[in-house]
4 protein chains.
Amino acid sequence: MSEGSVPNGTLTGTARVEAFSDGVMAIVITLLVLNLQVPEHEPGHLLRALGHIWPVYLAYLASFTTIGVVWMNHHTFFGRLRRIDHVLRWWNLMLLLGVSLVPFPTIVVADNLVHGSRRDAQVAVALYGIVGVAMTLPWAPMWRQLEKRPEMLVPGLGPDYARRERWRAWPGILVYTVTIGIGFLSPVTALVLYLLVSTFYGISTKGWSSPTGTDPDEE
Amino acid sequence: MSEGSVPNGTLTGTARVEAFSDGVMAIVITLLVLNLQVPEHEPGHLLRALGHIWPVYLAYLASFTTIGVVWMNHHTFFGRLRRIDHVLRWWNLMLLLGVSLVPFPTIVVADNLVHGSRRDAQVAVALYGIVGVAMTLPWAPMWRQLEKRPEMLVPGLGPDYARRERWRAWPGILVYTVTIGIGFLSPVTALVLYLLVSTFYGISTKGWSSPTGTDPDEE
Amino acid sequence: MSEGSVPNGTLTGTARVEAFSDGVMAIVITLLVLNLQVPEHEPGHLLRALGHIWPVYLAYLASFTTIGVVWMNHHTFFGRLRRIDHVLRWWNLMLLLGVSLVPFPTIVVADNLVHGSRRDAQVAVALYGIVGVAMTLPWAPMWRQLEKRPEMLVPGLGPDYARRERWRAWPGILVYTVTIGIGFLSPVTALVLYLLVSTFYGISTKGWSSPTGTDPDEE
Amino acid sequence: MSEGSVPNGTLTGTARVEAFSDGVMAIVITLLVLNLQVPEHEPGHLLRALGHIWPVYLAYLASFTTIGVVWMNHHTFFGRLRRIDHVLRWWNLMLLLGVSLVPFPTIVVADNLVHGSRRDAQVAVALYGIVGVAMTLPWAPMWRQLEKRPEMLVPGLGPDYARRERWRAWPGILVYTVTIGIGFLSPVTALVLYLLVSTFYGISTKGWSSPTGTDPDEE
């Protein structure tokens, strides 16, 4: 593979990284629909067949809102950046890896709530939680990198801001880990929790007030 | 999930929201082609097999033009905006949820017009109509939010404009609801109606004249 | 469906139309890979199985280069535009309809060259040609609309330019129509012709010199 | 196909070429998840079934990081360009052809490590290597074209820079070729090598220092 000569320390603009990330997230969120398949059914029993696969819809909603909320957070994160270095670009790719895996546990969960044994449903929910952790963890090193190189932040934001934000990755990681445990008691409850948590995150998104009192997104 | 600190009241630019929405709609409109599958057939009978699945083409056309017209409306809507708040971003995500579901009812309708019983075809058309409503409804709260915060509109447009536009979501909702009913009499007619309605919307798109007499899109 | 109030005569910027079109074409060109499927085979016979499906690769290459060349032409076309009206937006959508259909005839052709009877292969090549015409025809009304409203062109280009360019859609339409005929004599030859024609178009792309002597793309 | 009139020598901006390339690469990297399929299994044996397909995950990771690193290189490459000519556009399309093929050898490798005979696994790894070469080779003519027309480079970079960079395509080509050979000894080792090589490229990416001492990406 040919290699460019950007040293690690070099900063570049964020436009293409955002465009690529938007692309990946837009595709993942849309590919989820391929998991919705017309179930086999006797003639005249389409309605019942459509009702039978209700966990598929629930899993679809949970994954759609989760990816949607990740996108909103990504949007906010990059709204804070002026420039980006290679380390951040690499962790962003790891974040996209986690996000782009989502359709896999989504269909595994849905299938095994419909057809599987209880034990399979537990395994499926755990797999979902692991992917959930995988798309939450990269936020921590991303914020830490901003703490180390605050010159990537927009003017008015400094290392203190990045340090404070870094802690906010942990509730998400915690939620996914706890929900894996809940999934062993009740897989459906765990799935509903995933849906509620991401909806809550998405609707509230108030967060910490910005350090300078004025929001850097404000034009 | 890590959270940014944009308070609900904070306005941000629209560029990335448009890019993400464009991405989702471009992918959905293109994924429809995966519904076109080579039907099983005896050697030498490809032509007949291709003809046999005509409802698949009809459903493809109806869904393609519908999503295309939603995209045009989205384009127009965001052409009126300078900035966007969190509520609008959330409803936009709900709109994308409706749009990204389209391939599912499309294939269900097509399959059940080809293979299903009459009752299944009615159920399928109703499912299509429900998704149609799901991608029409979000326009109402989107306009209402603009009415409440007209500072998101481009200069020259105010709350009166948003209020007037809000009513325009309802014909679409009505059409989809009525067509669900028609689908119980004749599923094919309902599908043709979906196609005609979106073609009509797409070609005419004259709409109300803009309030100031000059169109805000005009540069 | 909610409707914006852009009258037909209103011109808007081209950025989002280009982004949406780029999205659709990028997706279609990439979805083609889903047609490449591991053929069923006896253990130890993967190599033979991969060789057996050579028409699939040929069809892949023909469709990939065709869409790539359409994208290049689209790029050139929109490089000539300052603004766009509703009629042009609509024909652009029809062009994208033709383009996004390509994976369907691609797999039909490939499958029927591998497994089908001679008659099926002819039908498949004809289907391919029809889609080829569908993505060539819209260029004619697109140029005609520019002829009618030359104010959409970049400064220095006028109706004469658009009229001259309009004629260039016809060789493509002709090629696809003639190749449908050739497909009845030899389906593989027709497929190779599709590949050669689009490669030729893509590599040469010299075209008519621009009317003013200086190329409007030149910055 | 209608043709624009850009002569080969004409230079245009790079924005749309980057957007289209970003789109294709974002889609390919995301489509890989479709290769992750719930394996058939007895009720209660989901965990074992998920474990059984470990080569699928390995192949997923190898391909994801490979495409991610190609994207980073593409990002760097285009960061060096001010303008682009038709030859470069065409080779860029050939590069995208190589990239968009990746899901095919990925699934062939994964499937044949899981189910195939040793001989099939060797064939599959060779196929993977061939596609690897296909997405490495185009970098050489792309740099050569910059050497011939250095006016496409950003100010401060000249033909010497392009000549030096051109040689950097060859290690990648060599790695893929050598790994094809290793695949005949141990297919899994070859796959792990693909993963390690792209991870190494992606994390280090120090590369040659830029010729002028200051990095052209630096704003």
# chains A, B, ... in the order shown; residues from 1 in each chain; ligands from 1
$ interface_residues --of "chain A" --to "chain C" --cutoff "12 Å" --atoms "only C-alpha atoms" --output "list in words"
Ala19, Phe20, Asp22, Gly23, Val24, Ala26, Ile27, Thr30 and Leu31 of chain A
$ residues_around --residues "region 119-125 of chain B" --least-positions-apart "3" --cutoff "6 Å" --atoms "only C-alpha atoms" --output "list in words"
Gly44 and Leu46 of chain A; Val108, Val109, Asn112, Leu113, Gly116, Tyr128, Gly183, Phe184 and Pro187 of chain B
$ residues_around --residues "Leu193 (chain D)" --least-positions-apart "2" --cutoff "10 Å" --atoms "only C-alpha atoms" --output "ChimeraX atom specification"
/D:62,175-176,179,182-183,187-191,195-199
$ write_last_selection --atoms "all heavy atoms" --output "JSON list (two decimals), in the first residue's frame"
[["chain", "number", "residue", "atom", "x", "y", "z"],
["D", 62, "ALA", "N", -9.07, -7.94, 8.91],
["D", 62, "ALA", "CA", -8.01, -7.69, 7.94],
["D", 62, "ALA", "C", -8.51, -6.77, 6.83],
["D", 62, "ALA", "O", -7.82, -5.81, 6.45],
["D", 62, "ALA", "CB", -7.52, -9.01, 7.34],
["D", 175, "VAL", "N", 4.52, -6.95, -0.64],
["D", 175, "VAL", "CA", 3.93, -7.65, 0.50],
["D", 175, "VAL", "C", 2.81, -8.56, 0.04],
["D", 175, "VAL", "O", 2.73, -9.74, 0.42],
["D", 175, "VAL", "CB", 3.42, -6.63, 1.55],
["D", 175, "VAL", "CG1", 2.46, -7.31, 2.52],
["D", 175, "VAL", "CG2", 4.58, -6.00, 2.28],
["D", 176, "TYR", "N", 1.92, -8.03, -0.79],
["D", 176, "TYR", "CA", 0.80, -8.85, -1.24],
["D", 176, "TYR", "C", 1.27, -10.04, -2.06],
["D", 176, "TYR", "O", 0.75, -11.14, -1.93],
["D", 176, "TYR", "CB", -0.21, -8.01, -2.03],
["D", 176, "TYR", "CG", -1.11, -7.23, -1.10],
["D", 176, "TYR", "CD1", -1.01, -5.85, -0.98],
["D", 176, "TYR", "CD2", -2.05, -7.88, -0.31],
["D", 176, "TYR", "CE1", -1.81, -5.15, -0.12],
["D", 176, "TYR", "CE2", -2.87, -7.18, 0.56],
["D", 176, "TYR", "CZ", -2.74, -5.81, 0.66],
["D", 176, "TYR", "OH", -3.54, -5.14, 1.52],
["D", 179, "THR", "N", 2.86, -12.57, 0.25],
["D", 179, "THR", "CA", 1.87, -13.22, 1.10],
["D", 179, "THR", "C", 1.07, -14.27, 0.33],
["D", 179, "THR", "O", 0.62, -15.27, 0.90],
["D", 179, "THR", "CB", 0.94, -12.18, 1.74],
["D", 179, "THR", "OG1", 1.73, -11.07, 2.16],
["D", 179, "THR", "CG2", 0.21, -12.77, 2.93],
["D", 182, "ILE", "N", 3.14, -17.22, 0.89],
["D", 182, "ILE", "CA", 3.00, -17.72, 2.26],
["D", 182, "ILE", "C", 1.67, -18.46, 2.43],
["D", 182, "ILE", "O", 1.58, -19.45, 3.15],
["D", 182, "ILE", "CB", 3.12, -16.56, 3.27],
["D", 182, "ILE", "CG1", 4.55, -16.02, 3.26],
["D", 182, "ILE", "CG2", 2.70, -16.99, 4.67],
["D", 182, "ILE", "CD1", 4.73, -14.71, 4.00],
["D", 183, "GLY", "N", 0.65, -17.96, 1.73],
["D", 183, "GLY", "CA", -0.67, -18.58, 1.82],
["D", 183, "GLY", "C", -0.66, -20.04, 1.40],
["D", 183, "GLY", "O", -1.51, -20.82, 1.83],
["D", 187, "PRO", "N", -2.50, -20.73, 5.13],
["D", 187, "PRO", "CA", -3.47, -19.70, 4.81],
["D", 187, "PRO", "C", -3.78, -18.76, 5.98],
["D", 187, "PRO", "O", -3.89, -17.55, 5.80],
["D", 187, "PRO", "CB", -4.70, -20.50, 4.41],
["D", 187, "PRO", "CG", -4.16, -21.80, 3.91],
["D", 187, "PRO", "CD", -2.96, -22.07, 4.77],
["D", 188, "VAL", "N", -3.89, -19.31, 7.20],
["D", 188, "VAL", "CA", -4.21, -18.44, 8.34],
["D", 188, "VAL", "C", -3.09, -17.44, 8.59],
["D", 188, "VAL", "O", -3.35, -16.25, 8.82],
["D", 188, "VAL", "CB", -4.49, -19.27, 9.61],
["D", 188, "VAL", "CG1", -4.64, -18.36, 10.82],
["D", 188, "VAL", "CG2", -5.73, -20.11, 9.43],
["D", 189, "THR", "N", -1.84, -17.92, 8.51],
["D", 189, "THR", "CA", -0.70, -17.01, 8.68],
["D", 189, "THR", "C", -0.77, -15.86, 7.68],
["D", 189, "THR", "O", -0.53, -14.69, 8.03],
["D", 189, "THR", "CB", 0.63, -17.77, 8.49],
["D", 189, "THR", "OG1", 0.61, -18.90, 9.36],
["D", 189, "THR", "CG2", 1.82, -16.89, 8.82],
["D", 190, "ALA", "N", -1.10, -16.19, 6.45],
["D", 190, "ALA", "CA", -1.17, -15.15, 5.42],
["D", 190, "ALA", "C", -2.21, -14.10, 5.80],
["D", 190, "ALA", "O", -1.98, -12.89, 5.69],
["D", 190, "ALA", "CB", -1.52, -15.77, 4.06],
["D", 191, "LEU", "N", -3.36, -14.55, 6.30],
["D", 191, "LEU", "CA", -4.42, -13.63, 6.68],
["D", 191, "LEU", "C", -3.98, -12.75, 7.84],
["D", 191, "LEU", "O", -4.22, -11.53, 7.85],
["D", 191, "LEU", "CB", -5.68, -14.44, 7.06],
["D", 191, "LEU", "CG", -7.00, -13.70, 6.99],
["D", 191, "LEU", "CD1", -7.23, -13.13, 5.61],
["D", 191, "LEU", "CD2", -8.14, -14.64, 7.35],
["D", 195, "LEU", "N", -3.46, -8.59, 8.04],
["D", 195, "LEU", "CA", -3.97, -7.76, 9.13],
["D", 195, "LEU", "C", -2.85, -6.94, 9.76],
["D", 195, "LEU", "O", -2.97, -5.73, 9.96],
["D", 195, "LEU", "CB", -4.65, -8.65, 10.18],
["D", 195, "LEU", "CG", -5.15, -7.96, 11.46],
["D", 195, "LEU", "CD1", -6.13, -6.84, 11.15],
["D", 195, "LEU", "CD2", -5.81, -8.98, 12.37],
["D", 196, "LEU", "N", -1.71, -7.61, 10.06],
["D", 196, "LEU", "CA", -0.60, -6.92, 10.71],
["D", 196, "LEU", "C", -0.03, -5.83, 9.82],
["D", 196, "LEU", "O", 0.26, -4.72, 10.28],
["D", 196, "LEU", "CB", 0.51, -7.93, 11.07],
["D", 196, "LEU", "CG", 0.18, -8.88, 12.21],
["D", 196, "LEU", "CD1", 1.38, -9.79, 12.49],
["D", 196, "LEU", "CD2", -0.21, -8.12, 13.47],
["D", 197, "VAL", "N", 0.14, -6.15, 8.53],
["D", 197, "VAL", "CA", 0.74, -5.18, 7.62],
["D", 197, "VAL", "C", -0.10, -3.92, 7.56],
["D", 197, "VAL", "O", 0.42, -2.80, 7.68],
["D", 197, "VAL", "CB", 0.91, -5.79, 6.21],
["D", 197, "VAL", "CG1", 1.19, -4.70, 5.18],
["D", 197, "VAL", "CG2", 2.03, -6.82, 6.22],
["D", 198, "SER", "N", -1.43, -4.10, 7.40],
["D", 198, "SER", "CA", -2.24, -2.88, 7.27],
["D", 198, "SER", "C", -2.32, -2.13, 8.59],
["D", 198, "SER", "O", -2.33, -0.90, 8.61],
["D", 198, "SER", "CB", -3.62, -3.21, 6.72],
["D", 198, "SER", "OG", -4.32, -4.06, 7.59],
["D", 199, "THR", "N", -2.32, -2.86, 9.71],
["D", 199, "THR", "CA", -2.31, -2.17, 11.00],
["D", 199, "THR", "C", -1.02, -1.37, 11.16],
["D", 199, "THR", "O", -1.03, -0.20, 11.56],
["D", 199, "THR", "CB", -2.43, -3.18, 12.16],
["D", 199, "THR", "OG1", -3.58, -3.98, 11.94],
["D", 199, "THR", "CG2", -2.57, -2.46, 13.49]]
$ residues_around --residues "Glu151 (chain B)" --least-positions-apart "2" --cutoff "12 Å" --atoms "only C-alpha atoms" --output "list in words"
Gly9, Thr10, Leu11, Thr12, Arg80, Leu81, Arg82, Arg83, Ile84, Asp85, Gln145, Leu146, Glu147, Lys148, Arg149, Leu153, Val154, Pro155, Gly156, Leu157, Gly158, Pro159 and Ala162 of chain B
$ residues_around --residues "Ala169 (chain A)" --least-positions-apart "2" --cutoff "10 Å" --atoms "only C-alpha atoms" --output "JSON list (two decimals) with N, CA, C and O atoms, in the first residue's frame"
[["chain", "number", "residue", "atom", "x", "y", "z"],
["A", 136, "THR", "N", -18.20, 2.38, 22.17],
["A", 136, "THR", "CA", -18.16, 3.38, 23.23],
["A", 136, "THR", "C", -16.73, 3.64, 23.68],
["A", 136, "THR", "O", -16.34, 4.78, 23.92],
["A", 137, "LEU", "N", -15.94, 2.56, 23.76],
["A", 137, "LEU", "CA", -14.56, 2.67, 24.24],
["A", 137, "LEU", "C", -13.70, 3.70, 23.48],
["A", 137, "LEU", "O", -12.98, 4.47, 24.12],
["A", 138, "PRO", "N", -13.75, 3.76, 22.13],
["A", 138, "PRO", "CA", -12.82, 4.67, 21.44],
["A", 138, "PRO", "C", -12.98, 6.14, 21.84],
["A", 138, "PRO", "O", -12.05, 6.93, 21.65],
["A", 139, "TRP", "N", -14.15, 6.51, 22.38],
["A", 139, "TRP", "CA", -14.31, 7.91, 22.79],
["A", 139, "TRP", "C", -13.29, 8.31, 23.84],
["A", 139, "TRP", "O", -12.84, 9.47, 23.87],
["A", 140, "ALA", "N", -12.93, 7.38, 24.74],
["A", 140, "ALA", "CA", -12.00, 7.72, 25.81],
["A", 140, "ALA", "C", -10.63, 8.13, 25.25],
["A", 140, "ALA", "O", -10.14, 9.23, 25.54],
["A", 141, "PRO", "N", -9.95, 7.29, 24.42],
["A", 141, "PRO", "CA", -8.67, 7.75, 23.87],
["A", 141, "PRO", "C", -8.81, 8.95, 22.95],
["A", 141, "PRO", "O", -7.86, 9.74, 22.81],
["A", 142, "MET", "N", -9.99, 9.12, 22.31],
["A", 142, "MET", "CA", -10.16, 10.29, 21.46],
["A", 142, "MET", "C", -10.11, 11.58, 22.29],
["A", 142, "MET", "O", -9.43, 12.54, 21.94],
["A", 143, "TRP", "N", -10.82, 11.57, 23.42],
["A", 143, "TRP", "CA", -10.78, 12.76, 24.28],
["A", 143, "TRP", "C", -9.40, 12.93, 24.92],
["A", 143, "TRP", "O", -8.91, 14.05, 25.09],
["A", 165, "GLU", "N", -14.68, 16.02, 29.47],
["A", 165, "GLU", "CA", -15.49, 15.28, 28.51],
["A", 165, "GLU", "C", -15.12, 13.79, 28.48],
["A", 165, "GLU", "O", -15.97, 12.94, 28.25],
["A", 166, "ARG", "N", -13.84, 13.54, 28.70],
["A", 166, "ARG", "CA", -13.38, 12.15, 28.61],
["A", 166, "ARG", "C", -14.15, 11.23, 29.55],
["A", 166, "ARG", "O", -14.45, 10.09, 29.21],
["A", 167, "TRP", "N", -14.53, 11.74, 30.72],
["A", 167, "TRP", "CA", -15.25, 10.92, 31.68],
["A", 167, "TRP", "C", -16.62, 10.52, 31.19],
["A", 167, "TRP", "O", -17.22, 9.57, 31.68],
["A", 171, "PRO", "N", -20.09, 6.34, 31.38],
["A", 171, "PRO", "CA", -21.47, 5.88, 31.60],
["A", 171, "PRO", "C", -21.95, 4.95, 30.49],
["A", 171, "PRO", "O", -22.56, 3.91, 30.75],
["A", 172, "GLY", "N", -21.64, 5.30, 29.24],
["A", 172, "GLY", "CA", -22.04, 4.46, 28.12],
["A", 172, "GLY", "C", -21.45, 3.07, 28.21],
["A", 172, "GLY", "O", -22.14, 2.06, 28.06],
["A", 173, "ILE", "N", -20.13, 3.01, 28.49],
["A", 173, "ILE", "CA", -19.46, 1.71, 28.62],
["A", 173, "ILE", "C", -20.11, 0.91, 29.75],
["A", 173, "ILE", "O", -20.39, -0.29, 29.60],
["A", 174, "LEU", "N", -20.40, 1.60, 30.87],
["A", 174, "LEU", "CA", -21.01, 0.96, 32.02],
["A", 174, "LEU", "C", -22.38, 0.38, 31.66],
["A", 174, "LEU", "O", -22.71, -0.77, 31.98],
["B", 1, "MET", "N", -22.31, 5.71, 25.88],
["B", 1, "MET", "CA", -22.09, 6.56, 24.72],
["B", 1, "MET", "C", -21.63, 7.93, 25.19],
["B", 1, "MET", "O", -22.25, 8.51, 26.08],
["B", 2, "SER", "N", -20.59, 8.41, 24.64],
["B", 2, "SER", "CA", -20.12, 9.72, 25.04],
["B", 2, "SER", "C", -21.08, 10.77, 24.52],
["B", 2, "SER", "O", -21.75, 10.61, 23.51],
["B", 3, "GLU", "N", -21.15, 11.86, 25.25],
["B", 3, "GLU", "CA", -22.11, 12.89, 24.93],
["B", 3, "GLU", "C", -21.43, 14.23, 24.72],
["B", 3, "GLU", "O", -20.58, 14.63, 25.52]]
